[in-house]
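The file start.txt comes next; it holds compact mmCIF, C-alpha atoms.
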```txt
# COMPACT_ATOMS: atom_id res chain seq x y z
CA ILE H 407 13.47 0.66 -13.41
CA ILE H 408 11.48 -1.91 -11.51
CA LEU H 409 11.72 -2.91 -7.86
CA GLU H 410 10.20 -6.09 -6.46
CA ASN H 411 9.55 -7.89 -3.19
CA PHE H 412 8.94 -5.25 -0.55
CA PRO H 413 11.56 -4.90 2.19
CA PRO H 414 10.68 -3.32 5.56
CA ALA H 415 8.62 -0.12 5.30
CA ASP H 416 11.47 2.20 6.37
CA GLU H 417 13.63 0.86 3.52
CA VAL H 418 10.85 1.49 0.99
CA GLU H 419 10.46 5.01 2.36
CA SER H 420 14.20 5.62 1.90
CA ILE H 421 13.99 4.39 -1.70
CA LEU H 422 11.05 6.71 -2.38
CA ASN H 423 12.99 9.63 -0.90
CA THR H 424 15.95 8.85 -3.17
CA LEU H 425 13.77 8.60 -6.28
CA LYS H 426 12.08 11.87 -5.43
CA ALA H 427 15.38 13.66 -4.82
CA ARG H 428 16.67 12.48 -8.21
CA ASN H 429 13.38 13.10 -10.04
CA THR H 430 13.22 9.48 -11.19
CA LYS H 431 10.18 7.27 -11.59
CA ALA H 432 10.07 3.53 -10.98
CA SER H 433 7.63 0.63 -11.11
CA PHE H 434 7.04 -1.24 -7.86
CA PHE H 435 5.82 -4.85 -8.02
CA MET H 436 4.57 -6.52 -4.87
CA HIS H 437 2.72 -9.51 -3.49
CA THR H 438 -0.43 -8.34 -1.79
CA ASP H 439 0.16 -10.35 1.37
CA LYS H 440 2.68 -7.57 2.09
CA ILE H 441 -0.11 -4.96 2.23
CA ASP H 442 -0.71 -3.87 5.81
CA ASP H 443 -1.15 -0.70 7.86
CA GLU H 444 2.52 0.21 7.31
CA THR H 445 2.67 -0.35 3.57
CA LYS H 446 -0.71 1.14 2.58
CA PRO H 447 0.49 4.74 3.03
CA LEU H 448 3.63 3.89 1.01
CA LEU H 449 1.51 2.54 -1.84
CA GLN H 450 -0.52 5.74 -1.83
CA ARG H 451 2.68 7.79 -1.84
CA MET H 452 3.90 5.86 -4.88
CA VAL H 453 0.70 6.74 -6.72
CA ASP H 454 0.83 10.40 -5.62
CA GLU H 455 4.45 10.76 -6.77
CA GLY H 456 3.86 9.27 -10.21
CA HIS H 457 5.34 5.80 -9.78
CA THR H 458 3.72 2.67 -11.20
CA ILE H 459 2.38 -0.18 -9.10
CA GLY H 460 2.29 -3.71 -10.48
CA SER H 461 1.20 -7.07 -9.14
CA LYS H 462 3.16 -10.24 -8.38
CA GLY H 463 0.11 -12.10 -7.08
CA GLN H 464 -0.97 -12.69 -3.50
CA SER H 465 1.54 -15.05 -1.96
CA SER H 466 5.11 -14.03 -1.15
CA ASN H 467 5.77 -17.00 1.13
CA PRO H 468 5.83 -19.25 -0.68
CA GLN H 469 5.94 -17.48 -4.03
CA VAL H 470 3.97 -19.23 -6.76
CA ASN H 471 5.81 -20.60 -9.76
CA PHE H 472 3.44 -20.45 -12.75
CA LEU H 473 5.29 -23.30 -14.46
CA TYR H 474 4.16 -25.78 -11.81
CA ALA H 475 0.93 -24.35 -10.36
CA ASN H 476 -2.41 -25.50 -11.73
CA ASN H 477 -4.68 -23.14 -13.66
CA THR H 478 -7.07 -22.57 -10.76
CA TYR H 479 -4.30 -21.57 -8.36
CA ILE H 480 -2.72 -19.21 -10.91
CA GLU H 481 -6.10 -17.56 -11.46
CA GLN H 482 -6.59 -17.22 -7.70
CA GLN H 483 -3.21 -15.50 -7.36
CA ILE H 484 -4.13 -12.96 -10.03
CA THR H 485 -7.73 -12.20 -9.07
CA GLY H 486 -7.08 -12.37 -5.32
CA ALA H 487 -4.31 -9.78 -5.66
CA ASP H 488 -6.62 -7.62 -7.77
CA SER H 489 -9.16 -7.56 -4.94
CA ASP H 490 -6.45 -6.71 -2.39
CA PHE H 491 -5.13 -3.82 -4.49
CA LYS H 492 -8.64 -2.52 -5.12
CA GLU H 493 -9.31 -2.39 -1.40
CA ALA H 494 -5.93 -0.84 -0.53
CA ILE H 495 -5.44 1.80 -3.25
CA GLY H 496 -8.76 1.97 -5.07
CA PHE H 497 -7.68 0.49 -8.39
CA VAL H 498 -6.38 -2.72 -9.94
CA PRO H 499 -2.88 -2.66 -11.53
CA SER H 500 -2.74 -3.86 -15.13
CA LEU H 501 0.94 -4.84 -14.97
CA TYR H 502 1.98 -8.26 -13.70
CA ALA H 503 5.46 -9.67 -13.06
CA PRO H 504 5.37 -13.44 -12.46
CA SER H 505 7.45 -14.70 -9.55
CA PHE H 506 10.89 -16.03 -10.57
CA GLY H 507 10.25 -14.71 -14.09
CA ALA H 508 8.59 -18.12 -14.62
CA LEU H 509 6.05 -18.01 -17.43
CA ASP H 510 4.97 -20.28 -20.25
CA SER H 511 2.18 -20.03 -22.83
CA ARG H 512 -0.36 -21.51 -20.40
CA GLY H 513 0.36 -18.87 -17.74
CA GLN H 514 0.43 -16.14 -20.35
CA LYS H 515 -3.06 -17.09 -21.58
CA ILE H 516 -4.42 -16.84 -18.03
CA LEU H 517 -2.79 -13.42 -17.58
CA ASN H 518 -4.21 -12.26 -20.91
CA LYS H 519 -7.66 -13.51 -19.94
CA ASN H 520 -7.47 -11.33 -16.82
CA GLY H 521 -6.35 -8.26 -18.77
CA LYS H 522 -2.76 -8.23 -17.54
CA THR H 523 0.29 -6.89 -19.34
CA THR H 524 3.26 -9.09 -18.49
CA VAL H 525 6.48 -7.41 -17.39
CA MET H 526 9.77 -9.32 -17.42
CA TRP H 527 13.02 -7.65 -16.40
CA SER H 528 15.90 -7.85 -18.84
CA ALA H 529 18.88 -6.49 -16.89
CA GLY H 530 20.22 -5.78 -13.43
CA ALA H 531 19.03 -8.71 -11.33
CA ASN H 532 22.56 -9.91 -10.63
CA GLY H 533 22.71 -7.22 -7.94
CA TRP H 534 21.04 -9.70 -5.60
CA TRP H 535 23.90 -12.18 -5.99
CA PHE H 536 26.46 -9.62 -4.85
CA LEU H 537 24.34 -8.60 -1.88
CA ASP H 538 23.71 -12.18 -0.80
CA ASN H 539 27.45 -12.87 -0.93
CA ASN H 540 28.38 -9.77 1.08
CA GLU H 541 30.21 -8.13 -1.80
CA PRO H 542 30.98 -4.38 -1.50
CA LEU H 543 28.32 -1.92 -2.64
CA ALA H 544 30.54 -0.69 -5.49
CA THR H 545 30.84 -4.25 -6.83
CA ALA H 546 27.08 -4.77 -6.74
CA VAL H 547 26.45 -1.51 -8.61
CA ALA H 548 29.15 -2.30 -11.19
CA GLY H 549 27.53 -5.71 -11.72
CA ILE H 550 24.21 -4.04 -12.46
CA ARG H 551 25.84 -1.51 -14.77
CA TYR H 552 27.58 -4.10 -16.89
CA THR H 553 24.50 -6.15 -17.58
CA LEU H 554 24.22 -3.72 -20.52
CA PRO H 555 20.44 -3.46 -20.92
CA GLU H 556 19.27 -3.38 -24.51
CA ALA H 557 17.05 -0.76 -26.10
CA GLY H 558 13.81 -0.74 -24.17
CA GLY H 559 15.51 -2.69 -21.36
CA ILE H 560 13.72 -3.14 -18.04
CA ILE H 561 16.25 -2.84 -15.23
CA LEU H 562 15.52 -4.76 -12.04
CA LEU H 563 17.16 -3.17 -9.00
CA PRO H 564 17.41 -4.73 -5.56
CA THR H 565 15.00 -3.05 -3.13
CA ASN H 566 17.92 -1.61 -1.21
CA ALA H 567 18.04 2.15 -0.65
CA GLU H 568 21.85 2.34 -0.73
CA ILE H 569 22.08 0.55 -4.06
CA VAL H 570 19.29 2.61 -5.62
CA ASP H 571 20.99 5.84 -4.57
CA GLU H 572 24.42 4.71 -5.78
CA TYR H 573 22.99 3.37 -9.01
CA LEU H 574 21.16 6.59 -9.85
CA SER H 575 24.25 8.70 -9.18
CA GLN H 576 26.97 6.45 -10.64
CA VAL H 577 25.25 4.52 -13.45
CA TRP H 578 22.15 6.37 -14.60
CA PRO H 579 24.05 9.39 -16.01
CA TYR H 580 26.03 7.15 -18.38
CA TRP H 581 22.93 5.83 -20.14
CA LYS H 582 21.25 7.94 -22.75
CA PHE H 583 17.61 7.21 -23.48
CA VAL H 584 16.87 7.37 -27.19
CA ASP H 585 14.50 5.80 -29.70
CA PHE H 586 15.21 2.32 -31.04
CA ASP H 587 16.55 3.41 -34.45
CA THR H 588 19.05 5.81 -32.84
CA CYS H 589 20.14 3.17 -30.32
CA THR H 590 20.81 0.59 -33.02
CA GLY H 591 22.47 3.02 -35.43
CA ARG H 592 19.58 2.83 -37.85
CA SER H 593 18.69 6.53 -37.69
CA GLY H 594 17.93 7.78 -41.16
CA LYS H 595 18.12 4.29 -42.62
CA SER H 596 14.45 3.63 -41.99
CA ALA H 597 13.47 6.75 -43.89
CA LYS H 598 15.77 5.81 -46.78
CA ALA H 599 14.37 2.29 -46.82
CA ALA H 600 10.81 3.63 -46.88
CA LYS H 601 11.72 5.99 -49.72
CA ALA H 602 13.38 3.18 -51.67
CA PHE H 603 10.38 0.95 -51.07
CA GLY H 604 8.11 3.69 -52.39
CA LYS H 605 10.16 3.95 -55.59
CA SER H 606 10.20 0.17 -55.93
CA SER H 607 6.43 0.00 -55.54
CA LYS H 608 5.93 2.69 -58.17
CA SER H 609 8.27 0.91 -60.60
CA GLU H 610 6.47 -2.37 -60.02
CA SER H 611 3.14 -0.68 -60.57
CA LYS H 612 4.35 0.86 -63.85
CA SER H 613 5.77 -2.49 -64.92
CA LYS H 614 2.45 -4.23 -64.27
CA LYS H 615 0.57 -1.46 -66.07
CA GLY H 616 2.95 -1.71 -69.05
CA GLY H 617 2.47 -5.45 -69.21
CA ALA H 618 -1.29 -5.12 -69.09
CA ASP H 619 -1.27 -2.48 -71.88
CA ALA H 620 0.90 -4.73 -74.04
CA LYS H 621 -1.49 -7.64 -73.55
CA ALA H 622 -4.47 -5.45 -74.41
CA GLU H 623 -2.74 -4.21 -77.54
CA LYS H 624 -1.94 -7.79 -78.62
CA VAL H 625 -5.53 -8.87 -78.11
CA SER H 626 -6.94 -5.94 -80.07
CA THR H 627 -4.47 -6.61 -82.91
```

Would you encode the structure as structure tokens?
Amino acid sequence: IILENFPPADEVESILNTLKARNTKASFFMHTDKIDDETKPLLQRMVDEGHTIGSKGQSSNPQVNFLYANNTYIEQQITGADSDFKEAIGFVPSLYAPSFGALDSRGQKILNKNGKTTVMWSAGANGWWFLDNNEPLATAVAGIRYTLPEAGGIILLPTNAEIVDEYLSQVWPYWKFVDFDTCTGRSGKSAKAAKAFGKSSKSESKSKKGGADAKAEKVST
């Protein structure tokens, strides 16, 4: 689960309380211009309670779209945020979620150069649409549920305490977390394939050896 774009501090505190009550960990991504005297203690609480903190750069208003910004500005967003995090929580996050999910090979190279691991959500973001259109809470949660995240899916939840609580109670229990082979119905097949490959390799080796022996015998004759 990831949560982005910090709401007011009391809302973040409510989300943290919900996650703690349900023994669930999340990754929080924020722009560092949101770090102030109110949010610093919340960042420290996230660290203390085993959550992950990731960067979205410095500027939340306006957010920076990596597809259109020049290289220098992208670099400033990354390194400037690193300095802000270092000062606020004593370390620099390695995870980075580009604003708008906007990333091309140029932006990726700059992130790689700065030692960042890129995180892109793969399910759940439609919750914002329901909230923005004043749809009922149940509709928003159902919309998130039916995005059907794939194996290894990263689920983006709105930073809304009500939705997080409802989601964890109504949706989370229906998802079972398993390894990739189990999820895709390949359990056991990988082992069989490896075994078959081993036999094939041995047969090929014997075949090559037999061919070489035959050639040697022909030469000696």

Would you list the residues near (14.8, 10.5, -13.0), meaning any protein, DNA or RNA residue with an atom at most 10 Å from that point in file coordinates, counting only C-alpha atoms, as a tab-separated table (two decimals) with C-alpha atoms, keeping the file's coordinate frame?
```
chain	number	residue	atom	x	y	z
H	407	ILE	CA	13.47	0.66	-13.41
H	425	LEU	CA	13.77	8.60	-6.28
H	426	LYS	CA	12.08	11.87	-5.43
H	427	ALA	CA	15.38	13.66	-4.82
H	428	ARG	CA	16.67	12.48	-8.21
H	429	ASN	CA	13.38	13.10	-10.04
H	430	THR	CA	13.22	9.48	-11.19
H	431	LYS	CA	10.18	7.27	-11.59
H	432	ALA	CA	10.07	3.53	-10.98
H	574	LEU	CA	21.16	6.59	-9.85
H	578	TRP	CA	22.15	6.37	-14.60
H	579	PRO	CA	24.05	9.39	-16.01
```

Fewer than 2 positions away in the same chain doesn't count, so skip those; otherwise give me all residues within 12 Å of Ile480 in chain H, counting all atoms listed in the file, as a PDB file with C-alpha atoms, keeping the file's coordinate frame.
```
ATOM      1  CA  LYS H 462       3.160 -10.240  -8.380  1.00  0.00           C
ATOM      2  CA  GLY H 463       0.110 -12.100  -7.080  1.00  0.00           C
ATOM      3  CA  GLN H 464      -0.970 -12.690  -3.500  1.00  0.00           C
ATOM      4  CA  SER H 465       1.540 -15.050  -1.960  1.00  0.00           C
ATOM      5  CA  GLN H 469       5.940 -17.480  -4.030  1.00  0.00           C
ATOM      6  CA  VAL H 470       3.970 -19.230  -6.760  1.00  0.00           C
ATOM      7  CA  ASN H 471       5.810 -20.600  -9.760  1.00  0.00           C
ATOM      8  CA  PHE H 472       3.440 -20.450 -12.750  1.00  0.00           C
ATOM      9  CA  LEU H 473       5.290 -23.300 -14.460  1.00  0.00           C
ATOM     10  CA  TYR H 474       4.160 -25.780 -11.810  1.00  0.00           C
ATOM     11  CA  ALA H 475       0.930 -24.350 -10.360  1.00  0.00           C
ATOM     12  CA  ASN H 476      -2.410 -25.500 -11.730  1.00  0.00           C
ATOM     13  CA  ASN H 477      -4.680 -23.140 -13.660  1.00  0.00           C
ATOM     14  CA  THR H 478      -7.070 -22.570 -10.760  1.00  0.00           C
ATOM     15  CA  GLN H 482      -6.590 -17.220  -7.700  1.00  0.00           C
ATOM     16  CA  GLN H 483      -3.210 -15.500  -7.360  1.00  0.00           C
ATOM     17  CA  ILE H 484      -4.130 -12.960 -10.030  1.00  0.00           C
ATOM     18  CA  THR H 485      -7.730 -12.200  -9.070  1.00  0.00           C
ATOM     19  CA  GLY H 486      -7.080 -12.370  -5.320  1.00  0.00           C
ATOM     20  CA  ALA H 487      -4.310  -9.780  -5.660  1.00  0.00           C
ATOM     21  CA  PRO H 504       5.370 -13.440 -12.460  1.00  0.00           C
ATOM     22  CA  SER H 505       7.450 -14.700  -9.550  1.00  0.00           C
ATOM     23  CA  ALA H 508       8.590 -18.120 -14.620  1.00  0.00           C
ATOM     24  CA  LEU H 509       6.050 -18.010 -17.430  1.00  0.00           C
ATOM     25  CA  ARG H 512      -0.360 -21.510 -20.400  1.00  0.00           C
ATOM     26  CA  GLY H 513       0.360 -18.870 -17.740  1.00  0.00           C
ATOM     27  CA  GLN H 514       0.430 -16.140 -20.350  1.00  0.00           C
ATOM     28  CA  LYS H 515      -3.060 -17.090 -21.580  1.00  0.00           C
ATOM     29  CA  ILE H 516      -4.420 -16.840 -18.030  1.00  0.00           C
ATOM     30  CA  LEU H 517      -2.790 -13.420 -17.580  1.00  0.00           C
ATOM     31  CA  LYS H 519      -7.660 -13.510 -19.940  1.00  0.00           C
ATOM     32  CA  ASN H 520      -7.470 -11.330 -16.820  1.00  0.00           C
TER      33      ASN H 520
END
```

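If you measure from each of H:Glu444, H:Pro542, H:Arg451, H:Lys522 to Glu481 in chain H using only C-alpha atoms, the closest one turns out to be H:Lys522.
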
Could you give me, as a ChimeraX atom specification, the residues that sit within 10 Å of (-5.1, -0.4, -6.0) in the file's coordinates, counting only C-alpha atoms? /H:446,449-450,453,459-461,487-499

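Interatomic distance, CA of Ser420 in chain H against CA of Asn566 in chain H: 8.7 Å.
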
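For Met526 in chain H, the list of residues within 9 Å, based on only C-alpha atoms and with local chain neighbours fewer than 6 positions off taken out, reads H:Tyr502, H:Ala503, H:Pro504, H:Gly507, H:Ile560.
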
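In terms of minimum interatomic distance to Val418 in chain H, H:Thr445 ranks closest within H:Thr445, H:Thr438, H:Ser500, H:Ser466, counting only C-alpha atoms.
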
Do you know which residues are at most 10 Å from Asn467 in chain H counting all atoms listed in the file, after dropping those on the same chain fewer than 6 positions away, and could you put them as a count of residues only? 3

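Taking CA of Trp527 in chain H and CA of Leu562 in chain H as the two end points, the separation is 5.8 Å.
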
To test the calculation: enclose all listed atoms of range 486-505 of chain H in a box whose edges run along x, y and z, add 6 Å on each side, then state centre and edge lengths in Å to one decimal, as AutoDock Vina command-line options.
```
--center_x -0.9 --center_y -6.4 --center_z -7.8 --size_x 28.8 --size_y 28.7 --size_z 26.6
```

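Between CA of Leu543 in chain H and CA of Glu455 in chain H the separation is 27.3 Å.
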
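Among the candidates H:Thr523, H:Thr458, H:Asn423, H:Pro447, the residue lying nearest to Glu410 in chain H is H:Thr458 (atoms considered: all atoms listed in the file).
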
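Of the residues listed (H:Ile561, H:Gln576, H:Leu501, H:Ala567), H:Gln576 shows the shortest atom-to-atom separation from Ala548 in chain H; distances use all atoms listed in the file.
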
Restricted to all heavy atoms, what does range 487-499 of chain H look like when written out as a PDB file, in the first residue's frame?
```pdb
ATOM      1  N   ALA H 487      15.098  17.526  -2.309  1.00  0.00           N
ATOM      2  CA  ALA H 487      14.259  16.736  -1.393  1.00  0.00           C
ATOM      3  C   ALA H 487      15.127  15.872  -0.489  1.00  0.00           C
ATOM      4  O   ALA H 487      14.830  15.711   0.701  1.00  0.00           O
ATOM      5  CB  ALA H 487      13.293  15.870  -2.191  1.00  0.00           C
ATOM      6  N   ASP H 488      16.206  15.324  -1.051  1.00  0.00           N
ATOM      7  CA  ASP H 488      17.119  14.517  -0.231  1.00  0.00           C
ATOM      8  C   ASP H 488      17.655  15.329   0.945  1.00  0.00           C
ATOM      9  O   ASP H 488      17.706  14.844   2.081  1.00  0.00           O
ATOM     10  CB  ASP H 488      18.291  14.013  -1.085  1.00  0.00           C
ATOM     11  CG  ASP H 488      17.908  12.864  -2.003  1.00  0.00           C
ATOM     12  OD1 ASP H 488      16.773  12.347  -1.869  1.00  0.00           O
ATOM     13  OD2 ASP H 488      18.736  12.477  -2.849  1.00  0.00           O
ATOM     14  N   SER H 489      18.052  16.552   0.684  1.00  0.00           N
ATOM     15  CA  SER H 489      18.571  17.421   1.750  1.00  0.00           C
ATOM     16  C   SER H 489      17.504  17.705   2.800  1.00  0.00           C
ATOM     17  O   SER H 489      17.781  17.698   4.009  1.00  0.00           O
ATOM     18  CB  SER H 489      19.077  18.741   1.157  1.00  0.00           C
ATOM     19  OG  SER H 489      20.133  18.523   0.260  1.00  0.00           O
ATOM     20  N   ASP H 490      16.273  17.943   2.331  1.00  0.00           N
ATOM     21  CA  ASP H 490      15.168  18.223   3.259  1.00  0.00           C
ATOM     22  C   ASP H 490      14.877  17.023   4.159  1.00  0.00           C
ATOM     23  O   ASP H 490      14.666  17.172   5.371  1.00  0.00           O
ATOM     24  CB  ASP H 490      13.903  18.593   2.479  1.00  0.00           C
ATOM     25  CG  ASP H 490      14.045  19.903   1.714  1.00  0.00           C
ATOM     26  OD1 ASP H 490      14.938  20.711   2.062  1.00  0.00           O
ATOM     27  OD2 ASP H 490      13.271  20.109   0.754  1.00  0.00           O
ATOM     28  N   PHE H 491      14.848  15.824   3.557  1.00  0.00           N
ATOM     29  CA  PHE H 491      14.593  14.617   4.350  1.00  0.00           C
ATOM     30  C   PHE H 491      15.720  14.383   5.355  1.00  0.00           C
ATOM     31  O   PHE H 491      15.472  14.007   6.501  1.00  0.00           O
ATOM     32  CB  PHE H 491      14.457  13.392   3.439  1.00  0.00           C
ATOM     33  CG  PHE H 491      13.095  13.214   2.849  1.00  0.00           C
ATOM     34  CD1 PHE H 491      12.905  13.232   1.476  1.00  0.00           C
ATOM     35  CD2 PHE H 491      11.983  13.004   3.661  1.00  0.00           C
ATOM     36  CE1 PHE H 491      11.648  13.055   0.919  1.00  0.00           C
ATOM     37  CE2 PHE H 491      10.716  12.835   3.114  1.00  0.00           C
ATOM     38  CZ  PHE H 491      10.544  12.863   1.740  1.00  0.00           C
ATOM     39  N   LYS H 492      16.954  14.585   4.910  1.00  0.00           N
ATOM     40  CA  LYS H 492      18.104  14.375   5.781  1.00  0.00           C
ATOM     41  C   LYS H 492      18.007  15.249   7.021  1.00  0.00           C
ATOM     42  O   LYS H 492      18.262  14.813   8.155  1.00  0.00           O
ATOM     43  CB  LYS H 492      19.389  14.677   5.013  1.00  0.00           C
ATOM     44  CG  LYS H 492      20.665  14.482   5.800  1.00  0.00           C
ATOM     45  CD  LYS H 492      20.974  13.023   6.025  1.00  0.00           C
ATOM     46  CE  LYS H 492      22.339  12.850   6.670  1.00  0.00           C
ATOM     47  NZ  LYS H 492      22.613  11.451   7.023  1.00  0.00           N
ATOM     48  N   GLU H 493      17.616  16.490   6.811  1.00  0.00           N
ATOM     49  CA  GLU H 493      17.493  17.430   7.923  1.00  0.00           C
ATOM     50  C   GLU H 493      16.318  17.062   8.837  1.00  0.00           C
ATOM     51  O   GLU H 493      16.404  17.183  10.057  1.00  0.00           O
ATOM     52  CB  GLU H 493      17.301  18.853   7.392  1.00  0.00           C
ATOM     53  CG  GLU H 493      17.222  19.908   8.480  1.00  0.00           C
ATOM     54  CD  GLU H 493      17.035  21.308   7.931  1.00  0.00           C
ATOM     55  OE1 GLU H 493      17.210  21.497   6.707  1.00  0.00           O
ATOM     56  OE2 GLU H 493      16.709  22.208   8.718  1.00  0.00           O
ATOM     57  N   ALA H 494      15.223  16.590   8.248  1.00  0.00           N
ATOM     58  CA  ALA H 494      14.002  16.336   9.029  1.00  0.00           C
ATOM     59  C   ALA H 494      14.031  15.009   9.785  1.00  0.00           C
ATOM     60  O   ALA H 494      13.607  14.931  10.940  1.00  0.00           O
ATOM     61  CB  ALA H 494      12.782  16.372   8.114  1.00  0.00           C
ATOM     62  N   ILE H 495      14.518  13.932   9.119  1.00  0.00           N
ATOM     63  CA  ILE H 495      14.430  12.606   9.746  1.00  0.00           C
ATOM     64  C   ILE H 495      15.776  11.887   9.852  1.00  0.00           C
ATOM     65  O   ILE H 495      15.846  10.760  10.341  1.00  0.00           O
ATOM     66  CB  ILE H 495      13.433  11.690   8.998  1.00  0.00           C
ATOM     67  CG1 ILE H 495      13.795  11.590   7.506  1.00  0.00           C
ATOM     68  CG2 ILE H 495      12.015  12.193   9.177  1.00  0.00           C
ATOM     69  CD1 ILE H 495      12.881  10.662   6.711  1.00  0.00           C
ATOM     70  N   GLY H 496      16.832  12.544   9.378  1.00  0.00           N
ATOM     71  CA  GLY H 496      18.163  11.987   9.586  1.00  0.00           C
ATOM     72  C   GLY H 496      18.639  11.009   8.528  1.00  0.00           C
ATOM     73  O   GLY H 496      19.737  10.476   8.624  1.00  0.00           O
ATOM     74  N   PHE H 497      17.823  10.754   7.517  1.00  0.00           N
ATOM     75  CA  PHE H 497      18.263   9.877   6.432  1.00  0.00           C
ATOM     76  C   PHE H 497      17.576  10.277   5.129  1.00  0.00           C
ATOM     77  O   PHE H 497      16.601  11.028   5.128  1.00  0.00           O
ATOM     78  CB  PHE H 497      18.000   8.400   6.752  1.00  0.00           C
ATOM     79  CG  PHE H 497      16.546   8.010   6.783  1.00  0.00           C
ATOM     80  CD1 PHE H 497      15.893   7.554   5.634  1.00  0.00           C
ATOM     81  CD2 PHE H 497      15.810   8.097   7.957  1.00  0.00           C
ATOM     82  CE1 PHE H 497      14.551   7.199   5.652  1.00  0.00           C
ATOM     83  CE2 PHE H 497      14.468   7.738   7.990  1.00  0.00           C
ATOM     84  CZ  PHE H 497      13.838   7.290   6.836  1.00  0.00           C
ATOM     85  N   VAL H 498      18.103   9.739   4.037  1.00  0.00           N
ATOM     86  CA  VAL H 498      17.578  10.046   2.707  1.00  0.00           C
ATOM     87  C   VAL H 498      16.837   8.825   2.160  1.00  0.00           C
ATOM     88  O   VAL H 498      17.418   7.754   2.038  1.00  0.00           O
ATOM     89  CB  VAL H 498      18.729  10.420   1.742  1.00  0.00           C
ATOM     90  CG1 VAL H 498      18.206  10.592   0.319  1.00  0.00           C
ATOM     91  CG2 VAL H 498      19.418  11.701   2.218  1.00  0.00           C
ATOM     92  N   PRO H 499      15.551   8.945   1.840  1.00  0.00           N
ATOM     93  CA  PRO H 499      14.814   7.805   1.275  1.00  0.00           C
ATOM     94  C   PRO H 499      15.393   7.376  -0.068  1.00  0.00           C
ATOM     95  O   PRO H 499      15.802   8.212  -0.873  1.00  0.00           O
ATOM     96  CB  PRO H 499      13.385   8.351   1.102  1.00  0.00           C
ATOM     97  CG  PRO H 499      13.304   9.526   2.006  1.00  0.00           C
ATOM     98  CD  PRO H 499      14.678  10.109   2.021  1.00  0.00           C
TER      99      PRO H 499
END
```
